[in-house]
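To be precise, the following lines are query_12.cif, and they hold mmCIF, C-alpha atoms and all ligand atoms.
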data_target
loop_
_atom_site.group_PDB
_atom_site.id
_atom_site.type_symbol
_atom_site.label_atom_id
_atom_site.label_comp_id
_atom_site.auth_asym_id
_atom_site.auth_seq_id
_atom_site.Cartn_x
_atom_site.Cartn_y
_atom_site.Cartn_z
ATOM 1 C CA MET A 1199 88.127 75.608 91.592
ATOM 2 C CA SER A 1200 90.214 76.037 88.478
ATOM 3 C CA GLY A 1201 90.903 78.553 85.756
ATOM 4 C CA GLY A 1202 89.803 76.423 82.811
ATOM 5 C CA GLY A 1203 92.023 78.504 80.518
ATOM 6 C CA LYS A 1204 90.352 81.806 81.374
ATOM 7 C CA VAL A 1205 92.526 84.776 80.408
ATOM 8 C CA VAL A 1206 93.431 87.194 83.185
ATOM 9 C CA LEU A 1207 95.303 90.500 83.017
ATOM 10 C CA VAL A 1208 96.936 91.715 86.239
ATOM 11 C CA THR A 1209 98.506 95.181 86.072
ATOM 12 C CA GLY A 1210 101.576 95.772 88.238
ATOM 13 C CA ALA A 1211 102.503 92.101 88.516
ATOM 14 C CA SER A 1212 106.238 92.608 89.021
ATOM 15 C CA SER A 1213 105.925 92.898 92.789
ATOM 16 C CA GLY A 1214 103.731 92.664 95.877
ATOM 17 C CA ILE A 1215 99.990 92.150 95.558
ATOM 18 C CA GLY A 1216 99.947 91.897 91.757
ATOM 19 C CA GLU A 1217 102.781 89.383 91.652
ATOM 20 C CA SER A 1218 101.095 87.285 94.295
ATOM 21 C CA ILE A 1219 97.657 87.311 92.592
ATOM 22 C CA ALA A 1220 99.222 86.505 89.199
ATOM 23 C CA GLY A 1221 101.245 83.608 90.658
ATOM 24 C CA TYR A 1222 98.245 82.133 92.467
ATOM 25 C CA LEU A 1223 95.934 82.266 89.447
ATOM 26 C CA LEU A 1224 98.617 80.731 87.256
ATOM 27 C CA GLN A 1225 98.874 77.753 89.609
ATOM 28 C CA LYS A 1226 95.100 77.374 89.378
ATOM 29 C CA GLY A 1227 95.160 76.996 85.601
ATOM 30 C CA TYR A 1228 94.418 80.511 84.370
ATOM 31 C CA ARG A 1229 96.244 82.068 81.406
ATOM 32 C CA VAL A 1230 97.822 84.975 83.257
ATOM 33 C CA TYR A 1231 99.277 88.125 81.717
ATOM 34 C CA GLY A 1232 101.053 90.335 84.244
ATOM 35 C CA THR A 1233 102.342 93.797 83.437
ATOM 36 C CA SER A 1234 105.404 95.794 84.350
ATOM 37 C CA ARG A 1235 106.785 99.076 83.056
ATOM 38 C CA ARG A 1236 110.240 97.564 83.228
ATOM 39 C CA ALA A 1237 109.566 94.596 80.922
ATOM 40 C CA ALA A 1238 110.920 94.679 77.387
ATOM 41 C CA PRO A 1239 108.286 95.461 74.730
ATOM 42 C CA GLY A 1240 106.174 92.450 73.774
ATOM 43 C CA PHE A 1241 105.834 89.279 75.809
ATOM 44 C CA ALA A 1242 108.474 88.005 78.201
ATOM 45 C CA GLY A 1243 108.812 85.302 80.843
ATOM 46 C CA GLU A 1244 106.939 82.617 78.968
ATOM 47 C CA ALA A 1245 108.599 79.839 80.910
ATOM 48 C CA PRO A 1246 106.236 77.211 82.332
ATOM 49 C CA GLY A 1247 105.125 78.162 85.824
ATOM 50 C CA LEU A 1248 105.540 81.916 85.248
ATOM 51 C CA PRO A 1249 102.942 84.491 84.276
ATOM 52 C CA ILE A 1250 103.470 85.975 80.836
ATOM 53 C CA ILE A 1251 104.951 89.399 81.444
ATOM 54 C CA LEU A 1252 103.792 92.207 79.246
ATOM 55 C CA HIS A 1253 105.225 95.695 79.031
ATOM 56 C CA MET A 1254 102.632 98.226 80.131
ATOM 57 C CA ASP A 1255 102.696 101.680 81.652
ATOM 58 C CA VAL A 1256 99.181 102.470 82.869
ATOM 59 C CA ASN A 1257 100.004 106.192 82.535
ATOM 60 C CA SER A 1258 100.126 105.868 78.761
ATOM 61 C CA ASP A 1259 97.090 105.466 76.459
ATOM 62 C CA ASP A 1260 99.227 103.852 73.751
ATOM 63 C CA SER A 1261 100.935 101.432 76.116
ATOM 64 C CA VAL A 1262 97.639 100.204 77.617
ATOM 65 C CA LYS A 1263 95.956 99.949 74.209
ATOM 66 C CA SER A 1264 98.847 98.056 72.677
ATOM 67 C CA GLY A 1265 99.174 95.664 75.659
ATOM 68 C CA ILE A 1266 95.486 94.746 75.620
ATOM 69 C CA GLU A 1267 95.455 94.405 71.815
ATOM 70 C CA GLN A 1268 98.384 91.984 72.023
ATOM 71 C CA ILE A 1269 96.511 89.796 74.504
ATOM 72 C CA TRP A 1270 93.379 89.906 72.358
ATOM 73 C CA ARG A 1271 95.245 88.975 69.163
ATOM 74 C CA ARG A 1272 96.845 86.019 70.909
ATOM 75 C CA GLU A 1273 93.992 84.731 73.000
ATOM 76 C CA GLY A 1274 90.817 86.079 71.376
ATOM 77 C CA ARG A 1275 89.425 86.604 74.877
ATOM 78 C CA LEU A 1276 89.973 88.595 78.048
ATOM 79 C CA ASP A 1277 87.932 87.263 80.933
ATOM 80 C CA VAL A 1278 89.296 89.039 83.995
ATOM 81 C CA VAL A 1279 91.158 92.302 84.586
ATOM 82 C CA VAL A 1280 92.777 93.081 87.938
ATOM 83 C CA ASN A 1281 93.602 96.792 88.080
ATOM 84 C CA ASN A 1282 96.352 96.660 90.656
ATOM 85 C CA ALA A 1283 99.242 98.893 89.488
ATOM 86 C CA GLY A 1284 99.745 101.817 91.814
ATOM 87 C CA TYR A 1285 101.991 103.620 94.268
ATOM 88 C CA GLY A 1286 101.762 105.719 97.411
ATOM 89 C CA LEU A 1287 102.357 109.457 97.672
ATOM 90 C CA ALA A 1288 102.983 111.018 101.078
ATOM 91 C CA GLY A 1289 103.047 114.657 102.078
ATOM 92 C CA ALA A 1290 100.807 117.321 103.541
ATOM 93 C CA VAL A 1291 98.171 118.582 101.129
ATOM 94 C CA GLU A 1292 99.722 122.046 101.294
ATOM 95 C CA GLU A 1293 103.142 120.621 100.517
ATOM 96 C CA THR A 1294 102.212 118.523 97.521
ATOM 97 C CA ALA A 1295 102.748 120.187 94.154
ATOM 98 C CA LEU A 1296 99.917 119.904 91.651
ATOM 99 C CA GLU A 1297 102.180 117.969 89.311
ATOM 100 C CA GLU A 1298 102.868 115.395 92.081
ATOM 101 C CA ALA A 1299 99.143 115.144 92.824
ATOM 102 C CA ARG A 1300 98.318 114.781 89.118
ATOM 103 C CA ALA A 1301 100.935 112.042 88.739
ATOM 104 C CA GLN A 1302 99.296 110.162 91.610
ATOM 105 C CA PHE A 1303 95.894 110.369 89.928
ATOM 106 C CA GLU A 1304 97.441 109.488 86.557
ATOM 107 C CA THR A 1305 98.572 106.093 87.849
ATOM 108 C CA ASN A 1306 96.121 105.249 90.623
ATOM 109 C CA PHE A 1307 92.906 106.574 89.043
ATOM 110 C CA PHE A 1308 93.346 107.257 85.314
ATOM 111 C CA GLY A 1309 95.475 104.093 85.033
ATOM 112 C CA PRO A 1310 92.618 101.729 85.936
ATOM 113 C CA LEU A 1311 90.256 103.909 83.882
ATOM 114 C CA ARG A 1312 92.481 103.542 80.772
ATOM 115 C CA VAL A 1313 92.579 99.781 81.242
ATOM 116 C CA CYS A 1314 88.777 99.640 81.687
ATOM 117 C CA ARG A 1315 88.187 101.706 78.538
ATOM 118 C CA CYS A 1316 90.262 99.251 76.488
ATOM 119 C CA ALA A 1317 88.960 96.056 78.116
ATOM 120 C CA LEU A 1318 85.237 96.900 78.234
ATOM 121 C CA PRO A 1319 84.531 96.825 74.459
ATOM 122 C CA LEU A 1320 86.158 93.371 74.308
ATOM 123 C CA MET A 1321 84.188 92.136 77.290
ATOM 124 C CA ARG A 1322 80.914 93.497 75.869
ATOM 125 C CA LEU A 1323 81.664 91.753 72.585
ATOM 126 C CA ALA A 1324 82.301 88.510 74.456
ATOM 127 C CA GLY A 1325 79.097 88.902 76.477
ATOM 128 C CA GLY A 1326 80.793 89.157 79.876
ATOM 129 C CA GLY A 1327 83.844 89.642 81.999
ATOM 130 C CA LEU A 1328 85.068 90.679 85.410
ATOM 131 C CA ILE A 1329 86.981 93.801 86.448
ATOM 132 C CA ILE A 1330 88.544 93.925 89.902
ATOM 133 C CA ASN A 1331 89.812 97.320 91.009
ATOM 134 C CA ILE A 1332 92.354 97.210 93.812
ATOM 135 C CA SER A 1333 91.426 100.101 96.061
ATOM 136 C CA SER A 1334 92.458 100.381 99.720
ATOM 137 C CA LEU A 1335 91.023 101.010 103.173
ATOM 138 C CA ALA A 1336 92.398 104.489 102.410
ATOM 139 C CA GLY A 1337 89.692 104.640 99.720
ATOM 140 C CA LEU A 1338 87.123 104.557 102.530
ATOM 141 C CA ILE A 1339 88.958 106.407 105.296
ATOM 142 C CA ALA A 1340 91.254 109.292 104.386
ATOM 143 C CA ILE A 1341 94.632 109.131 106.078
ATOM 144 C CA PRO A 1342 96.510 112.258 107.185
ATOM 145 C CA PHE A 1343 99.528 113.054 104.995
ATOM 146 C CA GLN A 1344 98.283 110.550 102.408
ATOM 147 C CA GLY A 1345 95.650 112.958 101.120
ATOM 148 C CA PHE A 1346 96.191 112.457 97.401
ATOM 149 C CA TYR A 1347 96.610 108.698 97.722
ATOM 150 C CA SER A 1348 93.310 108.604 99.629
ATOM 151 C CA ALA A 1349 91.650 110.981 97.154
ATOM 152 C CA ALA A 1350 92.678 108.865 94.145
ATOM 153 C CA LYS A 1351 91.367 105.699 95.836
ATOM 154 C CA PHE A 1352 88.118 107.486 96.854
ATOM 155 C CA ALA A 1353 87.777 108.470 93.180
ATOM 156 C CA LEU A 1354 88.349 104.872 92.097
ATOM 157 C CA GLU A 1355 85.637 103.772 94.535
ATOM 158 C CA GLY A 1356 83.152 106.241 93.024
ATOM 159 C CA LEU A 1357 84.028 105.260 89.479
ATOM 160 C CA THR A 1358 83.618 101.584 90.296
ATOM 161 C CA GLU A 1359 80.201 102.109 91.906
ATOM 162 C CA ALA A 1360 78.945 103.839 88.739
ATOM 163 C CA LEU A 1361 80.611 101.533 86.224
ATOM 164 C CA ARG A 1362 79.210 98.461 87.904
ATOM 165 C CA MET A 1363 75.641 99.592 87.229
ATOM 166 C CA GLU A 1364 76.392 100.698 83.654
ATOM 167 C CA VAL A 1365 77.808 97.370 82.497
ATOM 168 C CA ARG A 1366 75.680 94.889 84.432
ATOM 169 C CA SER A 1367 73.328 94.247 81.514
ATOM 170 C CA TYR A 1368 76.333 93.224 79.367
ATOM 171 C CA GLY A 1369 77.228 90.485 81.846
ATOM 172 C CA ILE A 1370 80.247 92.409 83.123
ATOM 173 C CA ARG A 1371 80.874 92.340 86.867
ATOM 174 C CA VAL A 1372 82.924 95.081 88.525
ATOM 175 C CA VAL A 1373 84.201 94.870 92.109
ATOM 176 C CA LEU A 1374 86.550 96.556 94.545
ATOM 177 C CA ILE A 1375 89.089 94.894 96.782
ATOM 178 C CA GLU A 1376 90.095 97.128 99.681
ATOM 179 C CA PRO A 1377 93.239 95.811 101.350
ATOM 180 C CA GLY A 1378 94.453 97.065 104.687
ATOM 181 C CA ASP A 1379 98.187 97.253 105.321
ATOM 182 C CA ILE A 1380 100.129 94.642 103.348
ATOM 183 C CA LYS A 1381 103.827 93.929 103.516
ATOM 184 C CA SER A 1382 105.213 94.650 100.050
ATOM 185 C CA ALA A 1383 107.558 96.968 98.174
ATOM 186 C CA PHE A 1384 104.794 99.594 98.424
ATOM 187 C CA THR A 1385 106.487 101.125 101.487
ATOM 188 C CA ALA A 1386 109.874 101.459 99.785
ATOM 189 C CA ASN A 1387 108.262 102.665 96.542
ATOM 190 C CA ARG A 1388 106.221 105.396 98.259
ATOM 191 C CA ILE A 1389 107.075 108.857 96.958
ATOM 192 C CA VAL A 1390 107.431 111.682 99.466
ATOM 193 C CA SER A 1391 106.489 115.051 98.013
ATOM 194 C CA ARG A 1392 109.453 117.330 97.427
ATOM 195 C CA GLU A 1393 108.315 119.985 99.929
ATOM 196 C CA ALA A 1394 107.423 117.444 102.619
ATOM 197 C CA ALA A 1395 110.969 116.101 102.388
ATOM 198 C CA GLN A 1396 112.478 119.489 103.317
ATOM 199 C CA ASN A 1397 113.807 119.867 106.864
ATOM 200 C CA ASP A 1398 112.168 123.262 107.345
ATOM 201 C CA SER A 1399 108.649 122.005 106.634
ATOM 202 C CA PRO A 1400 106.180 123.350 109.242
ATOM 203 C CA TYR A 1401 104.442 119.959 109.162
ATOM 204 C CA ARG A 1402 107.707 118.089 109.714
ATOM 205 C CA GLU A 1403 107.055 116.498 113.131
ATOM 206 C CA ASN A 1404 103.459 115.441 112.465
ATOM 207 C CA PHE A 1405 104.377 114.199 109.006
ATOM 208 C CA ARG A 1406 107.334 112.130 110.211
ATOM 209 C CA ARG A 1407 105.348 110.570 113.078
ATOM 210 C CA SER A 1408 102.363 109.738 110.935
ATOM 211 C CA LEU A 1409 104.470 108.321 108.105
ATOM 212 C CA SER A 1410 106.377 106.133 110.517
ATOM 213 C CA VAL A 1411 103.115 104.661 111.932
ATOM 214 C CA MET A 1412 102.011 103.940 108.377
ATOM 215 C CA GLU A 1413 105.324 102.362 107.366
ATOM 216 C CA LYS A 1414 105.424 100.182 110.485
ATOM 217 C CA ASP A 1415 101.839 98.999 109.934
ATOM 218 C CA GLU A 1416 102.662 98.047 106.337
ATOM 219 C CA GLN A 1417 105.865 96.252 107.188
ATOM 220 C CA ASN A 1418 104.183 94.377 110.076
ATOM 221 C CA GLY A 1419 101.194 93.573 107.884
ATOM 222 C CA PRO A 1420 100.480 90.212 106.284
ATOM 223 C CA LEU A 1421 102.144 89.163 103.028
ATOM 224 C CA PRO A 1422 99.802 89.475 100.054
ATOM 225 C CA ASP A 1423 99.527 85.675 99.684
ATOM 226 C CA ALA A 1424 95.845 85.325 100.557
ATOM 227 C CA LEU A 1425 94.708 87.894 97.989
ATOM 228 C CA GLY A 1426 95.028 85.411 95.107
ATOM 229 C CA ARG A 1427 92.520 83.126 96.853
ATOM 230 C CA LEU A 1428 90.130 86.047 97.293
ATOM 231 C CA VAL A 1429 90.405 86.985 93.602
ATOM 232 C CA GLU A 1430 89.691 83.409 92.581
ATOM 233 C CA LYS A 1431 86.687 83.280 94.889
ATOM 234 C CA ILE A 1432 85.339 86.444 93.248
ATOM 235 C CA ILE A 1433 85.933 85.005 89.758
ATOM 236 C CA HIS A 1434 83.703 82.076 90.721
ATOM 237 C CA THR A 1435 80.984 84.266 92.276
ATOM 238 C CA THR A 1436 78.083 84.878 89.905
ATOM 239 C CA LYS A 1437 76.823 87.942 91.720
ATOM 240 C CA PRO A 1438 79.827 89.421 93.545
ATOM 241 C CA ARG A 1439 79.490 92.173 96.100
ATOM 242 C CA LEU A 1440 80.672 95.688 95.287
ATOM 243 C CA ARG A 1441 83.302 95.667 98.062
ATOM 244 C CA TYR A 1442 85.658 93.051 99.463
ATOM 245 C CA THR A 1443 87.638 94.407 102.384
ATOM 246 C CA PHE A 1444 90.801 92.456 103.077
ATOM 247 C CA ALA A 1445 92.171 93.451 106.463
ATOM 248 C CA PRO A 1446 92.449 92.233 110.050
ATOM 249 C CA LEU A 1447 89.441 92.903 112.261
ATOM 250 C CA SER A 1448 91.243 95.772 114.016
ATOM 251 C CA GLN A 1449 91.495 97.677 110.708
ATOM 252 C CA LYS A 1450 88.086 96.588 109.390
ATOM 253 C CA SER A 1451 86.466 97.883 112.549
ATOM 254 C CA ALA A 1452 87.587 101.423 111.598
ATOM 255 C CA ILE A 1453 85.104 101.327 108.692
ATOM 256 C CA PHE A 1454 82.304 100.477 111.115
ATOM 257 C CA LEU A 1455 83.460 103.131 113.586
ATOM 258 C CA LYS A 1456 83.512 105.772 110.844
ATOM 259 C CA LYS A 1457 79.830 104.993 110.206
ATOM 260 C CA VAL A 1458 78.666 104.984 113.803
ATOM 261 C CA LEU A 1459 80.877 107.384 115.762
ATOM 262 C CA PRO A 1460 80.286 111.130 115.797
ATOM 263 C CA GLN A 1461 82.638 112.523 113.141
ATOM 264 C CA ARG A 1462 84.726 114.542 115.617
ATOM 265 C CA LEU A 1463 85.315 111.517 117.810
ATOM 266 C CA PHE A 1464 86.294 109.334 114.864
ATOM 267 C CA GLU A 1465 88.662 112.028 113.569
ATOM 268 C CA ALA A 1466 90.240 112.472 117.011
ATOM 269 C CA SER A 1467 90.874 108.743 117.309
ATOM 270 C CA LEU A 1468 92.404 108.619 113.823
ATOM 271 C CA MET A 1469 94.654 111.588 114.639
ATOM 272 C CA GLN A 1470 95.710 109.934 117.855
ATOM 273 C CA TYR A 1471 96.436 106.692 116.030
ATOM 274 C CA TYR A 1472 98.606 108.458 113.440
ATOM 275 C CA ARG A 1473 100.178 110.631 116.155
ATOM 276 C CA VAL A 1474 99.065 113.898 114.586
ATOM 277 C CA LYS A 1475 99.007 116.688 117.184
HETATM 278 N N1 LIG A 1501 100.772 97.429 100.294
HETATM 279 C C1 LIG A 1501 99.731 97.939 100.894
HETATM 280 O O1 LIG A 1501 99.732 98.135 102.130
HETATM 281 C C2 LIG A 1501 98.481 98.276 100.111
HETATM 282 C C3 LIG A 1501 97.304 98.480 100.830
HETATM 283 C C4 LIG A 1501 96.145 98.797 100.133
HETATM 284 C C5 LIG A 1501 96.152 98.888 98.755
HETATM 285 N N2 LIG A 1501 97.314 98.697 98.081
HETATM 286 C C6 LIG A 1501 97.271 98.821 96.610
HETATM 287 O O2 LIG A 1501 97.713 97.619 96.021
HETATM 288 C C7 LIG A 1501 98.283 97.884 94.742
HETATM 289 C C8 LIG A 1501 99.624 97.186 94.630
HETATM 290 O O3 LIG A 1501 100.480 97.627 95.661
HETATM 291 P P1 LIG A 1501 101.669 96.728 96.240
HETATM 292 O O4 LIG A 1501 101.553 96.780 97.718
HETATM 293 O O5 LIG A 1501 101.743 95.428 95.578
HETATM 294 O O6 LIG A 1501 102.918 97.667 95.822
HETATM 295 P P2 LIG A 1501 104.286 97.323 95.048
HETATM 296 O O7 LIG A 1501 104.892 96.101 95.633
HETATM 297 O O8 LIG A 1501 105.052 98.600 95.063
HETATM 298 O O9 LIG A 1501 103.820 96.992 93.555
HETATM 299 C C9 LIG A 1501 103.310 97.988 92.708
HETATM 300 C C10 LIG A 1501 103.166 97.438 91.301
HETATM 301 O O10 LIG A 1501 102.590 98.478 90.491
HETATM 302 C C11 LIG A 1501 103.347 98.618 89.322
HETATM 303 N N3 LIG A 1501 103.255 99.996 88.822
HETATM 304 C C12 LIG A 1501 103.490 101.143 89.487
HETATM 305 N N4 LIG A 1501 103.277 102.192 88.659
HETATM 306 C C13 LIG A 1501 102.901 101.682 87.462
HETATM 307 C C14 LIG A 1501 102.542 102.242 86.202
HETATM 308 N N5 LIG A 1501 102.530 103.570 85.960
HETATM 309 N N6 LIG A 1501 102.185 101.413 85.189
HETATM 310 C C15 LIG A 1501 102.214 100.082 85.377
HETATM 311 N N7 LIG A 1501 102.551 99.489 86.542
HETATM 312 C C16 LIG A 1501 102.891 100.290 87.563
HETATM 313 C C17 LIG A 1501 104.764 98.178 89.662
HETATM 314 O O11 LIG A 1501 105.356 97.628 88.490
HETATM 315 P P3 LIG A 1501 106.645 98.192 87.711
HETATM 316 O O12 LIG A 1501 107.353 99.135 88.644
HETATM 317 O O13 LIG A 1501 107.416 96.956 87.388
HETATM 318 O O14 LIG A 1501 106.053 98.839 86.524
HETATM 319 C C18 LIG A 1501 104.499 97.060 90.671
HETATM 320 O O15 LIG A 1501 104.344 95.824 90.015
HETATM 321 C C19 LIG A 1501 98.347 99.409 94.604
HETATM 322 O O16 LIG A 1501 97.258 99.861 93.837
HETATM 323 C C20 LIG A 1501 98.195 99.882 96.053
HETATM 324 O O17 LIG A 1501 97.620 101.175 96.126
HETATM 325 C C21 LIG A 1501 98.484 98.385 98.718
#
What is this file in structure tokens?
Ligand SMILES: NC(=O)c1ccc[n+]([C@@H]2O[C@H](COP(=O)([O-])OP(=O)(O)OC[C@H]3O[C@@H](n4cnc5c(N)ncnc54)[C@H](OP(=O)(O)O)[C@@H]3O)[C@@H](O)[C@H]2O)c1
Amino acid sequence: MSGGGKVVLVTGASSGIGESIAGYLLQKGYRVYGTSRRAAPGFAGEAPGLPIILHMDVNSDDSVKSGIEQIWRREGRLDVVVNNAGYGLAGAVEETALEEARAQFETNFFGPLRVCRCALPLMRLAGGGLIINISSLAGLIAIPFQGFYSAAKFALEGLTEALRMEVRSYGIRVVLIEPGDIKSAFTANRIVSREAAQNDSPYRENFRRSLSVMEKDEQNGPLPDALGRLVEKIIHTTKPRLRYTFAPLSQKSAIFLKKVLPQRLFEASLMQYYRVK
């Protein structure tokens, strides 16, 4: 399989999953544009063997519009978009301020939406394209003390299901990748809500225990290396599925158990797993 010069945009390519996908596709002959908020305006990192790094903040309409316009002016095509940029927010629902919750949705839900709204007209014009939204197992199973992270990924799942049907007749394919725990900077970059970080929080013990299970699972998880291969496989699939779960069997089986177990039993096992009493 090879890229044949196809143009790919990967948001959040400065680290972790995005960096790994961008690097893999580059090796396979794709023209890869990766984004970072920290890059200087314009294009950077045009050395051979490196993705072209583009400044983009998915929270900003202007930044997304200008980034995608720059790619279009240069390449005259945009074949694949991987909506990957995102971060984790931890804290009890009660102890998360609305502004913290909104910021989570701004990046993890409205971010991919902004990118889609700019990329779709170009893809329709070109008669096709592929959008891959990086969701999470937490987009299928809500995790205690990650309520707004889960909610934003659930929202992304719903949006993707609808969008996929709306754009099919234009030759545009839309899919979800749902990774389980992956070892990346995600753990260190996770934001803890201000109230949850206070020592007098009534949720303190449950929150700390549950967060530490989550952090350990991430740091003991696989590196994101294999995700590039999965993305390339999807690029070469004419009729891709809606969902691609990327997780060890032990985590994948939770999706099955959520479907078949009585809700109370499933919830009790999840609480036990995350040590919530
Ligand atoms: N790691 C996991 O266990 C896991 C599991 C399931 C799903 N995911 C999802 O996978 C995606 C990538 O996570 P990761 O594990 O690779 O985390 P990471 O190592 O922390 O990387 C996050 C990337 O997102 C970018 N980013 C964050 N906010 C941004 C914004 N407002 N605009 C543009 N870019 C932004 C960062 O770039 P700059 O800071 O340079 O801008 C960075 O490149 C996220 O959507 C996450 O929810 C991760």
List the residues matched by the PyMOL selection byres (((chain A and resi 1421-1437) around 8) and not hetatm) in the displayed structure as a compact mmCIF listing (two decimals) with C-alpha atoms, in the frame of the given file, ordered by chain and then by residue number.
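Now in part-v6.txt:
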# COMPACT_ATOMS: atom_id res chain seq x y z
CA MET A 1199 88.13 75.61 91.59
CA GLY A 1214 103.73 92.66 95.88
CA ILE A 1215 99.99 92.15 95.56
CA SER A 1218 101.10 87.28 94.30
CA ILE A 1219 97.66 87.31 92.59
CA ALA A 1220 99.22 86.50 89.20
CA GLY A 1221 101.24 83.61 90.66
CA TYR A 1222 98.24 82.13 92.47
CA LEU A 1223 95.93 82.27 89.45
CA VAL A 1278 89.30 89.04 84.00
CA LEU A 1328 85.07 90.68 85.41
CA ARG A 1371 80.87 92.34 86.87
CA ILE A 1380 100.13 94.64 103.35
CA LYS A 1381 103.83 93.93 103.52
CA SER A 1382 105.21 94.65 100.05
CA GLY A 1419 101.19 93.57 107.88
CA PRO A 1420 100.48 90.21 106.28
CA PRO A 1438 79.83 89.42 93.54
CA ARG A 1439 79.49 92.17 96.10
CA PHE A 1444 90.80 92.46 103.08
Using only C-alpha atoms and all ligand atoms, determine which residues fall within 6 Å of ligand LIG 1501 (chain A), then list them as a PDB file with C-alpha atoms, in the frame of the given file.
ATOM      1  CA  THR A1209      98.506  95.181  86.072  1.00  0.00           C
ATOM      2  CA  GLY A1210     101.576  95.772  88.238  1.00  0.00           C
ATOM      3  CA  ALA A1211     102.503  92.101  88.516  1.00  0.00           C
ATOM      4  CA  SER A1212     106.238  92.608  89.021  1.00  0.00           C
ATOM      5  CA  SER A1213     105.925  92.898  92.789  1.00  0.00           C
ATOM      6  CA  GLY A1214     103.731  92.664  95.877  1.00  0.00           C
ATOM      7  CA  ILE A1215      99.990  92.150  95.558  1.00  0.00           C
ATOM      8  CA  GLY A1216      99.947  91.897  91.757  1.00  0.00           C
ATOM      9  CA  SER A1234     105.404  95.794  84.350  1.00  0.00           C
ATOM     10  CA  ARG A1235     106.785  99.076  83.056  1.00  0.00           C
ATOM     11  CA  ARG A1236     110.240  97.564  83.228  1.00  0.00           C
ATOM     12  CA  MET A1254     102.632  98.226  80.131  1.00  0.00           C
ATOM     13  CA  ASP A1255     102.696 101.680  81.652  1.00  0.00           C
ATOM     14  CA  VAL A1256      99.181 102.470  82.869  1.00  0.00           C
ATOM     15  CA  ASN A1257     100.004 106.192  82.535  1.00  0.00           C
ATOM     16  CA  ASN A1282      96.352  96.660  90.656  1.00  0.00           C
ATOM     17  CA  ALA A1283      99.242  98.893  89.488  1.00  0.00           C
ATOM     18  CA  GLY A1284      99.745 101.817  91.814  1.00  0.00           C
ATOM     19  CA  TYR A1285     101.991 103.620  94.268  1.00  0.00           C
ATOM     20  CA  THR A1305      98.572 106.093  87.849  1.00  0.00           C
ATOM     21  CA  ILE A1332      92.354  97.210  93.812  1.00  0.00           C
ATOM     22  CA  SER A1333      91.426 100.101  96.061  1.00  0.00           C
ATOM     23  CA  SER A1334      92.458 100.381  99.720  1.00  0.00           C
ATOM     24  CA  PRO A1377      93.239  95.811 101.350  1.00  0.00           C
ATOM     25  CA  GLY A1378      94.453  97.065 104.687  1.00  0.00           C
ATOM     26  CA  ASP A1379      98.187  97.253 105.321  1.00  0.00           C
ATOM     27  CA  ILE A1380     100.129  94.642 103.348  1.00  0.00           C
ATOM     28  CA  LYS A1381     103.827  93.929 103.516  1.00  0.00           C
ATOM     29  CA  SER A1382     105.213  94.650 100.050  1.00  0.00           C
ATOM     30  CA  ALA A1383     107.558  96.968  98.174  1.00  0.00           C
ATOM     31  CA  PHE A1384     104.794  99.594  98.424  1.00  0.00           C
ATOM     32  CA  ASN A1387     108.262 102.665  96.542  1.00  0.00           C
ATOM     33  CA  GLU A1416     102.662  98.047 106.337  1.00  0.00           C
TER      34      GLU A1416
END
Per residue of region 1307-1345 of chain A within 12 Å of region 1462-1475 of chain A, what are the shortest atom pair and its distance in Å to one decimal, counting only C-alpha atoms, with rows by chain and residue number, as a Markdown table?
| residue | atom | partner | partner_atom | distance |
| --- | --- | --- | --- | --- |
| A:Ile1339 | CA | A:Leu1468 | CA | 9.5 |
| A:Ala1340 | CA | A:Leu1468 | CA | 9.5 |
| A:Ile1341 | CA | A:Leu1468 | CA | 8.1 |
| A:Pro1342 | CA | A:Tyr1472 | CA | 7.6 |
| A:Phe1343 | CA | A:Val1474 | CA | 9.6 |
| A:Gln1344 | CA | A:Tyr1472 | CA | 11.2 |
Can I get the selection written as a PDB file, in the coordinates of the input, with C-alpha atoms?
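Saved to out.pdb:
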ATOM      1  CA  ILE A1339      88.958 106.407 105.296  1.00  0.00           C
ATOM      2  CA  ALA A1340      91.254 109.292 104.386  1.00  0.00           C
ATOM      3  CA  ILE A1341      94.632 109.131 106.078  1.00  0.00           C
ATOM      4  CA  PRO A1342      96.510 112.258 107.185  1.00  0.00           C
ATOM      5  CA  PHE A1343      99.528 113.054 104.995  1.00  0.00           C
ATOM      6  CA  GLN A1344      98.283 110.550 102.408  1.00  0.00           C
TER       7      GLN A1344
END
List the residues sitting within 9 Å of (94.7, 115.5, 94.1) in the file's frame, using only C-alpha atoms, as a tab-separated table (two decimals) with C-alpha atoms, keeping the file's coordinate frame.
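For reference, out-v9.tsv as written:
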chain	number	residue	atom	x	y	z
A	1291	VAL	CA	98.17	118.58	101.13
A	1294	THR	CA	102.21	118.52	97.52
A	1296	LEU	CA	99.92	119.90	91.65
A	1298	GLU	CA	102.87	115.40	92.08
A	1299	ALA	CA	99.14	115.14	92.82
A	1300	ARG	CA	98.32	114.78	89.12
A	1301	ALA	CA	100.94	112.04	88.74
A	1302	GLN	CA	99.30	110.16	91.61
A	1303	PHE	CA	95.89	110.37	89.93
A	1345	GLY	CA	95.65	112.96	101.12
A	1346	PHE	CA	96.19	112.46	97.40
A	1347	TYR	CA	96.61	108.70	97.72
A	1348	SER	CA	93.31	108.60	99.63
A	1349	ALA	CA	91.65	110.98	97.15
A	1350	ALA	CA	92.68	108.86	94.14
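CA of Asp1260 (chain A) sits 17.2 Å away from CA of Asn1306 (chain A).
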Quick one: pull the distance between CA of Gly1227 (chain A) and CA of Ser1200 (chain A), Å, one decimal.
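Result for CA of Gly1227 (chain A) versus CA of Ser1200 (chain A): 5.8 Å, one decimal.
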Surrounding residues of Phe1241 (chain A) excluding itself and chain neighbours under 2 positions, 7 Å, all atoms listed in the file, as a list in words:
Pro1239, Ile1250, Ile1251 and Leu1252 of chain A
